[in-house]
Amino acid sequence: MYCKLHKKHHHHHHYGCARKLPSPSSDSSSTSSSDSEVLSNAALFRRNAEVIKLRRSTLTEQFPKEIWLPGKNDMEWCAFCLGSKICQEIYGERTEGERTVYYRKLPYRRFPLLSIVLHLHQDKVKLLLHYLHQWLLIKGLKNVICMWLYALLACLDGSNVDEECDRFLVTLYKDLKRHLKSCEEWQKPRATLIMDILSDYFSADISISDSQ
């Protein structure tokens with residue numbers, strides 16, 4: 001089954017000078033979200049994704065790329081998205097060929113700004129979603145991982161989602177569901193939000209996940 005975007009149009013959505021997609025951002029263990037807040041965030045995601053879909057060309061001009069972006073190296077993207085500290089926790093020391101990659105040479109951590117995510121081709125969006133899935137399995141649903149998942153899913157073009165990507169989204173959903181059973185209480189709203197996005201906005205066949 002292919003993922004399907006809901007064909008619902010919205011009017012009068014303006015980003016103004018905003019440079020970052022709104023997303024859950026609390027790392028405090030004292031912070032909790034009600035079901036209504038999760039649903040509200042899911043609705044906000046739908047609005048953001050539809051704005052990007054309808055106005056991508058205009059937004060790309062409004063928010064030009066201003067920094068260097070990594071190629072396909074997972075370690076460079078890990079430092080770029082999550083920061084060198086988490087990157088080192090995930091990868092340890094890595095040797096590529098005869099050259100050791102030093103963490104101080106890796107890119108600085110960046111937030112998923114519009115001036116970054118709008119300039120990623122769909123193949124790169126899918127690649128980063130795969131990387132984030134791998135990092136999630138190692139580090140859990142940290143706030144920074146949730147922010148990047150949220151932003152990249154908002155930029156994922158449903159018309160470019162094939163069966164392979166659909167299976168990946170179901171796998172991501174399945175692993176989030178497993179994470180939900182063992183994670184800290186303050187992480188549960190994040191997992192629930194991403195799961196709601198996958199099942200509602202992308203219409204992934206979650207029954208496949210539930211049967212596994």
# chains A, B, ... in the order shown; residues from 1 in each chain; ligands from 1
>>> residues_around(residues="stretch 74-90 of chain A", least_positions_apart="6", cutoff="12 Å", atoms="only C-alpha atoms", output="ChimeraX atom specification")
/A:67-68,96,101-113,116-117,124-125,127-149,151-152
>>> write_last_selection(atoms="N, CA and C atoms", output="compact mmCIF listing (two decimals), in the first residue's frame")
# COMPACT_ATOMS: atom_id res chain seq x y z
N ILE A 67 24.16 27.88 4.44
CA ILE A 67 25.28 27.13 5.03
C ILE A 67 25.55 25.87 4.21
N TRP A 68 26.72 25.30 4.44
CA TRP A 68 27.10 24.05 3.79
C TRP A 68 26.32 22.91 4.41
N GLU A 96 38.05 5.82 8.88
CA GLU A 96 37.67 5.65 7.49
C GLU A 96 38.94 5.54 6.67
N VAL A 101 38.55 10.06 11.76
CA VAL A 101 37.67 11.22 11.73
C VAL A 101 37.60 11.81 13.13
N TYR A 102 38.01 13.05 13.28
CA TYR A 102 37.99 13.70 14.59
C TYR A 102 36.70 14.51 14.72
N TYR A 103 36.07 14.43 15.88
CA TYR A 103 34.78 15.06 16.09
C TYR A 103 34.86 16.58 16.01
N ARG A 104 36.00 17.13 16.34
CA ARG A 104 36.11 18.59 16.27
C ARG A 104 36.05 19.10 14.83
N LYS A 105 36.24 18.23 13.87
CA LYS A 105 36.18 18.64 12.47
C LYS A 105 34.78 18.47 11.88
N LEU A 106 33.89 17.85 12.64
CA LEU A 106 32.54 17.64 12.15
C LEU A 106 31.74 18.93 12.22
N PRO A 107 30.66 19.04 11.44
CA PRO A 107 29.86 20.27 11.45
C PRO A 107 29.17 20.50 12.78
N TYR A 108 28.89 21.79 13.06
CA TYR A 108 28.17 22.13 14.28
C TYR A 108 26.71 21.71 14.17
N ARG A 109 26.09 21.49 15.32
CA ARG A 109 24.68 21.12 15.34
C ARG A 109 23.82 22.27 14.81
N ARG A 110 22.82 21.90 14.01
CA ARG A 110 21.89 22.88 13.45
C ARG A 110 20.45 22.45 13.76
N PHE A 111 19.58 23.44 13.93
CA PHE A 111 18.16 23.16 14.04
C PHE A 111 17.59 22.96 12.63
N PRO A 112 16.47 22.26 12.50
CA PRO A 112 15.87 22.04 11.19
C PRO A 112 15.14 23.27 10.68
N LEU A 113 15.92 24.29 10.32
CA LEU A 113 15.34 25.54 9.84
C LEU A 113 14.81 25.37 8.42
N ILE A 116 17.19 25.23 5.63
CA ILE A 116 17.90 23.95 5.46
C ILE A 116 16.98 22.91 4.83
N VAL A 117 15.87 22.61 5.50
CA VAL A 117 15.04 21.48 5.08
C VAL A 117 14.37 21.70 3.73
N LYS A 124 17.35 12.87 -0.38
CA LYS A 124 18.09 13.22 0.84
C LYS A 124 17.17 13.23 2.04
N VAL A 125 15.93 13.68 1.87
CA VAL A 125 14.95 13.64 2.95
C VAL A 125 14.75 12.19 3.42
N LEU A 127 16.82 9.65 2.98
CA LEU A 127 18.06 9.16 3.57
C LEU A 127 18.18 9.61 5.03
N LEU A 128 17.88 10.88 5.30
CA LEU A 128 17.97 11.41 6.66
C LEU A 128 16.93 10.78 7.58
N LEU A 129 15.76 10.49 7.05
CA LEU A 129 14.76 9.79 7.87
C LEU A 129 15.27 8.41 8.28
N HIS A 130 15.96 7.73 7.37
CA HIS A 130 16.56 6.43 7.71
C HIS A 130 17.63 6.60 8.79
N TYR A 131 18.48 7.61 8.65
CA TYR A 131 19.51 7.86 9.66
C TYR A 131 18.88 8.14 11.02
N LEU A 132 17.86 9.01 11.04
CA LEU A 132 17.20 9.37 12.30
C LEU A 132 16.56 8.15 12.95
N HIS A 133 16.03 7.26 12.14
CA HIS A 133 15.47 6.02 12.67
C HIS A 133 16.55 5.20 13.36
N GLN A 134 17.72 5.09 12.74
CA GLN A 134 18.83 4.35 13.33
C GLN A 134 19.26 4.99 14.65
N TRP A 135 19.36 6.32 14.65
CA TRP A 135 19.79 7.01 15.87
C TRP A 135 18.75 6.91 16.96
N LEU A 136 17.48 6.92 16.59
CA LEU A 136 16.40 6.77 17.56
C LEU A 136 16.49 5.41 18.27
N LEU A 137 16.82 4.38 17.52
CA LEU A 137 16.93 3.05 18.11
C LEU A 137 18.06 2.97 19.12
N ILE A 138 19.07 3.83 18.94
CA ILE A 138 20.22 3.82 19.84
C ILE A 138 20.01 4.76 21.03
N LYS A 139 19.51 5.96 20.78
CA LYS A 139 19.45 7.00 21.81
C LYS A 139 18.04 7.29 22.33
N GLY A 140 17.03 6.67 21.72
CA GLY A 140 15.66 6.98 22.13
C GLY A 140 15.17 8.25 21.44
N LEU A 141 13.96 8.64 21.76
CA LEU A 141 13.34 9.78 21.08
C LEU A 141 13.71 11.09 21.79
N LYS A 142 14.98 11.47 21.65
CA LYS A 142 15.44 12.73 22.19
C LYS A 142 14.72 13.87 21.48
N ASN A 143 14.65 15.02 22.16
CA ASN A 143 13.94 16.16 21.59
C ASN A 143 14.48 16.54 20.22
N VAL A 144 15.79 16.55 20.07
CA VAL A 144 16.38 16.96 18.80
C VAL A 144 16.05 15.97 17.68
N ILE A 145 15.96 14.68 18.02
CA ILE A 145 15.56 13.68 17.02
C ILE A 145 14.11 13.90 16.62
N CYS A 146 13.25 14.20 17.60
CA CYS A 146 11.85 14.45 17.32
C CYS A 146 11.68 15.67 16.40
N MET A 147 12.43 16.73 16.67
CA MET A 147 12.33 17.94 15.84
C MET A 147 12.69 17.66 14.40
N TRP A 148 13.78 16.91 14.19
CA TRP A 148 14.21 16.61 12.82
C TRP A 148 13.24 15.65 12.14
N LEU A 149 12.71 14.66 12.86
CA LEU A 149 11.71 13.78 12.27
C LEU A 149 10.49 14.58 11.83
N ALA A 151 10.22 17.81 11.11
CA ALA A 151 10.50 18.72 9.99
C ALA A 151 10.67 17.95 8.68
N LEU A 152 11.36 16.81 8.72
CA LEU A 152 11.60 16.05 7.49
C LEU A 152 10.33 15.38 6.99
>>> closest_residue(among="A:Cys183, A:Val170, A:Phe45, A:Leu176", to="A:Ser199", atoms="only C-alpha atoms")
A:Val170
>>> atom_distance(atom1="atom CA of A:Leu54", atom2="atom CA of A:Ser159")
13.0 Å
>>> residues_around(residues="A:His121", least_positions_apart="6", cutoff="12 Å", atoms="only C-alpha atoms", output="VMD selection string")
chain A and resid 56 60 69 71 127 to 128 152 155 to 157 160
>>> write_last_selection(atoms="N, CA, C and O atoms", output="mmCIF file, in the first residue's frame")
data_model
loop_
_atom_site.group_PDB
_atom_site.id
_atom_site.type_symbol
_atom_site.label_atom_id
_atom_site.label_comp_id
_atom_site.auth_asym_id
_atom_site.auth_seq_id
_atom_site.Cartn_x
_atom_site.Cartn_y
_atom_site.Cartn_z
ATOM 1 N N ARG A 56 6.182 25.640 -1.802
ATOM 2 C CA ARG A 56 7.592 25.269 -1.673
ATOM 3 C C ARG A 56 8.508 26.175 -2.483
ATOM 4 O O ARG A 56 9.541 26.634 -1.995
ATOM 5 N N THR A 60 11.275 28.515 -0.757
ATOM 6 C CA THR A 60 12.689 28.276 -1.035
ATOM 7 C C THR A 60 13.403 29.577 -1.377
ATOM 8 O O THR A 60 14.555 29.793 -0.974
ATOM 9 N N LEU A 69 25.874 21.974 3.546
ATOM 10 C CA LEU A 69 25.178 20.784 4.017
ATOM 11 C C LEU A 69 26.014 19.544 3.717
ATOM 12 O O LEU A 69 26.642 19.462 2.657
ATOM 13 N N GLY A 71 27.056 15.655 2.670
ATOM 14 C CA GLY A 71 26.622 14.861 1.525
ATOM 15 C C GLY A 71 25.786 13.683 1.979
ATOM 16 O O GLY A 71 24.636 13.851 2.358
ATOM 17 N N LEU A 127 16.821 9.647 2.984
ATOM 18 C CA LEU A 127 18.062 9.164 3.575
ATOM 19 C C LEU A 127 18.177 9.612 5.026
ATOM 20 O O LEU A 127 18.521 8.817 5.919
ATOM 21 N N LEU A 128 17.877 10.877 5.300
ATOM 22 C CA LEU A 128 17.972 11.406 6.661
ATOM 23 C C LEU A 128 16.932 10.776 7.575
ATOM 24 O O LEU A 128 17.198 10.558 8.763
ATOM 25 N N LEU A 152 11.365 16.811 8.717
ATOM 26 C CA LEU A 152 11.603 16.050 7.488
ATOM 27 C C LEU A 152 10.329 15.384 6.985
ATOM 28 O O LEU A 152 10.092 15.313 5.775
ATOM 29 N N CYS A 155 8.409 17.765 5.053
ATOM 30 C CA CYS A 155 8.980 18.034 3.730
ATOM 31 C C CYS A 155 8.909 16.824 2.802
ATOM 32 O O CYS A 155 9.278 16.933 1.633
ATOM 33 N N LEU A 156 8.461 15.684 3.315
ATOM 34 C CA LEU A 156 8.370 14.484 2.494
ATOM 35 C C LEU A 156 7.162 14.587 1.571
ATOM 36 O O LEU A 156 6.024 14.713 2.024
ATOM 37 N N ASP A 157 7.403 14.546 0.284
ATOM 38 C CA ASP A 157 6.354 14.664 -0.719
ATOM 39 C C ASP A 157 5.638 13.330 -0.880
ATOM 40 O O ASP A 157 6.231 12.342 -1.297
ATOM 41 N N ASN A 160 5.887 11.264 -3.929
ATOM 42 C CA ASN A 160 7.188 10.658 -4.206
ATOM 43 C C ASN A 160 7.484 9.483 -3.271
ATOM 44 O O ASN A 160 8.588 8.999 -3.202
#
>>> closest_residue(among="A:Pro70, A:Glu185, A:Arg55, A:Tyr173", to="A:Leu120", atoms="only C-alpha atoms")
A:Pro70
>>> decode(residues="stretch 126-142 of chain A", atoms="all heavy atoms", output="PDB file, in the first residue's frame")
ATOM      1  N   LYS A 126      14.585  11.279   2.474  1.00  0.00           N
ATOM      2  CA  LYS A 126      14.395   9.860   2.815  1.00  0.00           C
ATOM      3  C   LYS A 126      15.630   9.286   3.492  1.00  0.00           C
ATOM      4  O   LYS A 126      15.529   8.512   4.458  1.00  0.00           O
ATOM      5  CB  LYS A 126      14.062   9.063   1.555  1.00  0.00           C
ATOM      6  CG  LYS A 126      12.726   9.416   0.936  1.00  0.00           C
ATOM      7  CD  LYS A 126      12.517   8.647  -0.366  1.00  0.00           C
ATOM      8  CE  LYS A 126      11.226   9.031  -1.051  1.00  0.00           C
ATOM      9  NZ  LYS A 126      11.044   8.318  -2.343  1.00  0.00           N
ATOM     10  N   LEU A 127      16.821   9.647   2.984  1.00  0.00           N
ATOM     11  CA  LEU A 127      18.062   9.164   3.575  1.00  0.00           C
ATOM     12  C   LEU A 127      18.177   9.612   5.026  1.00  0.00           C
ATOM     13  O   LEU A 127      18.521   8.817   5.919  1.00  0.00           O
ATOM     14  CB  LEU A 127      19.262   9.673   2.771  1.00  0.00           C
ATOM     15  CG  LEU A 127      20.651   9.277   3.282  1.00  0.00           C
ATOM     16  CD1 LEU A 127      20.861   7.775   3.147  1.00  0.00           C
ATOM     17  CD2 LEU A 127      21.746  10.042   2.525  1.00  0.00           C
ATOM     18  N   LEU A 128      17.877  10.877   5.300  1.00  0.00           N
ATOM     19  CA  LEU A 128      17.972  11.406   6.661  1.00  0.00           C
ATOM     20  C   LEU A 128      16.932  10.776   7.575  1.00  0.00           C
ATOM     21  O   LEU A 128      17.198  10.558   8.763  1.00  0.00           O
ATOM     22  CB  LEU A 128      17.826  12.927   6.651  1.00  0.00           C
ATOM     23  CG  LEU A 128      18.972  13.696   6.003  1.00  0.00           C
ATOM     24  CD1 LEU A 128      18.756  15.201   6.136  1.00  0.00           C
ATOM     25  CD2 LEU A 128      20.302  13.313   6.607  1.00  0.00           C
ATOM     26  N   LEU A 129      15.760  10.485   7.053  1.00  0.00           N
ATOM     27  CA  LEU A 129      14.759   9.793   7.869  1.00  0.00           C
ATOM     28  C   LEU A 129      15.271   8.414   8.282  1.00  0.00           C
ATOM     29  O   LEU A 129      15.067   7.983   9.430  1.00  0.00           O
ATOM     30  CB  LEU A 129      13.452   9.669   7.088  1.00  0.00           C
ATOM     31  CG  LEU A 129      12.616  10.942   6.975  1.00  0.00           C
ATOM     32  CD1 LEU A 129      11.461  10.745   6.002  1.00  0.00           C
ATOM     33  CD2 LEU A 129      12.093  11.379   8.346  1.00  0.00           C
ATOM     34  N   HIS A 130      15.957   7.727   7.371  1.00  0.00           N
ATOM     35  CA  HIS A 130      16.557   6.432   7.710  1.00  0.00           C
ATOM     36  C   HIS A 130      17.626   6.598   8.789  1.00  0.00           C
ATOM     37  O   HIS A 130      17.694   5.800   9.744  1.00  0.00           O
ATOM     38  CB  HIS A 130      17.164   5.787   6.467  1.00  0.00           C
ATOM     39  CG  HIS A 130      16.172   5.060   5.619  1.00  0.00           C
ATOM     40  ND1 HIS A 130      15.820   3.742   5.851  1.00  0.00           N
ATOM     41  CD2 HIS A 130      15.445   5.459   4.548  1.00  0.00           C
ATOM     42  CE1 HIS A 130      14.923   3.355   4.962  1.00  0.00           C
ATOM     43  NE2 HIS A 130      14.673   4.375   4.154  1.00  0.00           N
ATOM     44  N   TYR A 131      18.480   7.612   8.651  1.00  0.00           N
ATOM     45  CA  TYR A 131      19.508   7.859   9.664  1.00  0.00           C
ATOM     46  C   TYR A 131      18.875   8.144  11.024  1.00  0.00           C
ATOM     47  O   TYR A 131      19.302   7.603  12.054  1.00  0.00           O
ATOM     48  CB  TYR A 131      20.380   9.046   9.250  1.00  0.00           C
ATOM     49  CG  TYR A 131      21.334   8.784   8.109  1.00  0.00           C
ATOM     50  CD1 TYR A 131      21.920   9.847   7.407  1.00  0.00           C
ATOM     51  CD2 TYR A 131      21.666   7.493   7.713  1.00  0.00           C
ATOM     52  CE1 TYR A 131      22.804   9.622   6.358  1.00  0.00           C
ATOM     53  CE2 TYR A 131      22.546   7.253   6.667  1.00  0.00           C
ATOM     54  CZ  TYR A 131      23.107   8.331   5.993  1.00  0.00           C
ATOM     55  OH  TYR A 131      23.972   8.105   4.949  1.00  0.00           O
ATOM     56  N   LEU A 132      17.860   9.008  11.037  1.00  0.00           N
ATOM     57  CA  LEU A 132      17.205   9.370  12.301  1.00  0.00           C
ATOM     58  C   LEU A 132      16.564   8.148  12.949  1.00  0.00           C
ATOM     59  O   LEU A 132      16.580   8.015  14.176  1.00  0.00           O
ATOM     60  CB  LEU A 132      16.161  10.455  12.051  1.00  0.00           C
ATOM     61  CG  LEU A 132      16.730  11.855  11.799  1.00  0.00           C
ATOM     62  CD1 LEU A 132      15.696  12.740  11.132  1.00  0.00           C
ATOM     63  CD2 LEU A 132      17.202  12.487  13.109  1.00  0.00           C
ATOM     64  N   HIS A 133      16.030   7.262  12.141  1.00  0.00           N
ATOM     65  CA  HIS A 133      15.467   6.022  12.665  1.00  0.00           C
ATOM     66  C   HIS A 133      16.550   5.195  13.359  1.00  0.00           C
ATOM     67  O   HIS A 133      16.349   4.670  14.471  1.00  0.00           O
ATOM     68  CB  HIS A 133      14.830   5.231  11.521  1.00  0.00           C
ATOM     69  CG  HIS A 133      14.321   3.889  11.931  1.00  0.00           C
ATOM     70  ND1 HIS A 133      14.683   2.726  11.288  1.00  0.00           N
ATOM     71  CD2 HIS A 133      13.484   3.508  12.935  1.00  0.00           C
ATOM     72  CE1 HIS A 133      14.090   1.700  11.868  1.00  0.00           C
ATOM     73  NE2 HIS A 133      13.354   2.132  12.860  1.00  0.00           N
ATOM     74  N   GLN A 134      17.716   5.094  12.737  1.00  0.00           N
ATOM     75  CA  GLN A 134      18.826   4.352  13.335  1.00  0.00           C
ATOM     76  C   GLN A 134      19.260   4.994  14.651  1.00  0.00           C
ATOM     77  O   GLN A 134      19.490   4.290  15.651  1.00  0.00           O
ATOM     78  CB  GLN A 134      19.995   4.309  12.359  1.00  0.00           C
ATOM     79  CG  GLN A 134      19.723   3.514  11.088  1.00  0.00           C
ATOM     80  CD  GLN A 134      20.806   3.687  10.046  1.00  0.00           C
ATOM     81  OE1 GLN A 134      21.870   4.257  10.324  1.00  0.00           O
ATOM     82  NE2 GLN A 134      20.544   3.226   8.828  1.00  0.00           N
ATOM     83  N   TRP A 135      19.358   6.317  14.654  1.00  0.00           N
ATOM     84  CA  TRP A 135      19.793   7.014  15.866  1.00  0.00           C
ATOM     85  C   TRP A 135      18.748   6.909  16.964  1.00  0.00           C
ATOM     86  O   TRP A 135      19.086   6.810  18.144  1.00  0.00           O
ATOM     87  CB  TRP A 135      20.101   8.474  15.546  1.00  0.00           C
ATOM     88  CG  TRP A 135      21.139   8.640  14.480  1.00  0.00           C
ATOM     89  CD1 TRP A 135      22.173   7.790  14.181  1.00  0.00           C
ATOM     90  CD2 TRP A 135      21.243   9.709  13.541  1.00  0.00           C
ATOM     91  NE1 TRP A 135      22.908   8.264  13.133  1.00  0.00           N
ATOM     92  CE2 TRP A 135      22.369   9.444  12.713  1.00  0.00           C
ATOM     93  CE3 TRP A 135      20.516  10.875  13.308  1.00  0.00           C
ATOM     94  CZ2 TRP A 135      22.766  10.297  11.687  1.00  0.00           C
ATOM     95  CZ3 TRP A 135      20.894  11.729  12.279  1.00  0.00           C
ATOM     96  CH2 TRP A 135      22.016  11.436  11.486  1.00  0.00           C
ATOM     97  N   LEU A 136      17.480   6.918  16.593  1.00  0.00           N
ATOM     98  CA  LEU A 136      16.396   6.765  17.562  1.00  0.00           C
ATOM     99  C   LEU A 136      16.491   5.413  18.269  1.00  0.00           C
ATOM    100  O   LEU A 136      16.292   5.326  19.483  1.00  0.00           O
ATOM    101  CB  LEU A 136      15.059   6.902  16.833  1.00  0.00           C
ATOM    102  CG  LEU A 136      13.753   6.814  17.624  1.00  0.00           C
ATOM    103  CD1 LEU A 136      12.646   7.542  16.857  1.00  0.00           C
ATOM    104  CD2 LEU A 136      13.317   5.386  17.886  1.00  0.00           C
ATOM    105  N   LEU A 137      16.822   4.380  17.521  1.00  0.00           N
ATOM    106  CA  LEU A 137      16.927   3.050  18.110  1.00  0.00           C
ATOM    107  C   LEU A 137      18.062   2.972  19.124  1.00  0.00           C
ATOM    108  O   LEU A 137      18.015   2.179  20.072  1.00  0.00           O
ATOM    109  CB  LEU A 137      17.151   2.003  17.017  1.00  0.00           C
ATOM    110  CG  LEU A 137      16.003   1.794  16.023  1.00  0.00           C
ATOM    111  CD1 LEU A 137      16.396   0.782  14.954  1.00  0.00           C
ATOM    112  CD2 LEU A 137      14.736   1.350  16.746  1.00  0.00           C
ATOM    113  N   ILE A 138      19.067   3.826  18.943  1.00  0.00           N
ATOM    114  CA  ILE A 138      20.224   3.823  19.841  1.00  0.00           C
ATOM    115  C   ILE A 138      20.015   4.756  21.033  1.00  0.00           C
ATOM    116  O   ILE A 138      20.281   4.385  22.182  1.00  0.00           O
ATOM    117  CB  ILE A 138      21.504   4.232  19.082  1.00  0.00           C
ATOM    118  CG1 ILE A 138      21.815   3.214  17.975  1.00  0.00           C
ATOM    119  CG2 ILE A 138      22.688   4.354  20.041  1.00  0.00           C
ATOM    120  CD1 ILE A 138      22.935   3.648  17.050  1.00  0.00           C
ATOM    121  N   LYS A 139      19.512   5.963  20.776  1.00  0.00           N
ATOM    122  CA  LYS A 139      19.449   7.005  21.808  1.00  0.00           C
ATOM    123  C   LYS A 139      18.038   7.287  22.326  1.00  0.00           C
ATOM    124  O   LYS A 139      17.869   8.066  23.255  1.00  0.00           O
ATOM    125  CB  LYS A 139      20.040   8.304  21.266  1.00  0.00           C
ATOM    126  CG  LYS A 139      21.504   8.208  20.848  1.00  0.00           C
ATOM    127  CD  LYS A 139      22.392   7.784  22.011  1.00  0.00           C
ATOM    128  CE  LYS A 139      22.429   8.843  23.104  1.00  0.00           C
ATOM    129  NZ  LYS A 139      23.354   8.419  24.213  1.00  0.00           N
ATOM    130  N   GLY A 140      17.029   6.669  21.719  1.00  0.00           N
ATOM    131  CA  GLY A 140      15.663   6.983  22.125  1.00  0.00           C
ATOM    132  C   GLY A 140      15.174   8.246  21.439  1.00  0.00           C
ATOM    133  O   GLY A 140      15.896   8.880  20.663  1.00  0.00           O
ATOM    134  N   LEU A 141      13.961   8.644  21.764  1.00  0.00           N
ATOM    135  CA  LEU A 141      13.344   9.785  21.083  1.00  0.00           C
ATOM    136  C   LEU A 141      13.715  11.088  21.789  1.00  0.00           C
ATOM    137  O   LEU A 141      12.889  11.739  22.427  1.00  0.00           O
ATOM    138  CB  LEU A 141      11.827   9.629  21.019  1.00  0.00           C
ATOM    139  CG  LEU A 141      11.096  10.540  20.025  1.00  0.00           C
ATOM    140  CD1 LEU A 141      11.609  10.305  18.617  1.00  0.00           C
ATOM    141  CD2 LEU A 141       9.602  10.308  20.078  1.00  0.00           C
ATOM    142  N   LYS A 142      14.983  11.465  21.652  1.00  0.00           N
ATOM    143  CA  LYS A 142      15.436  12.732  22.190  1.00  0.00           C
ATOM    144  C   LYS A 142      14.719  13.873  21.485  1.00  0.00           C
ATOM    145  O   LYS A 142      14.261  13.740  20.348  1.00  0.00           O
ATOM    146  CB  LYS A 142      16.948  12.885  22.019  1.00  0.00           C
ATOM    147  CG  LYS A 142      17.760  12.014  22.955  1.00  0.00           C
ATOM    148  CD  LYS A 142      19.242  12.284  22.790  1.00  0.00           C
ATOM    149  CE  LYS A 142      20.052  11.597  23.885  1.00  0.00           C
ATOM    150  NZ  LYS A 142      19.831  12.171  25.214  1.00  0.00           N
TER     151      LYS A 142
END
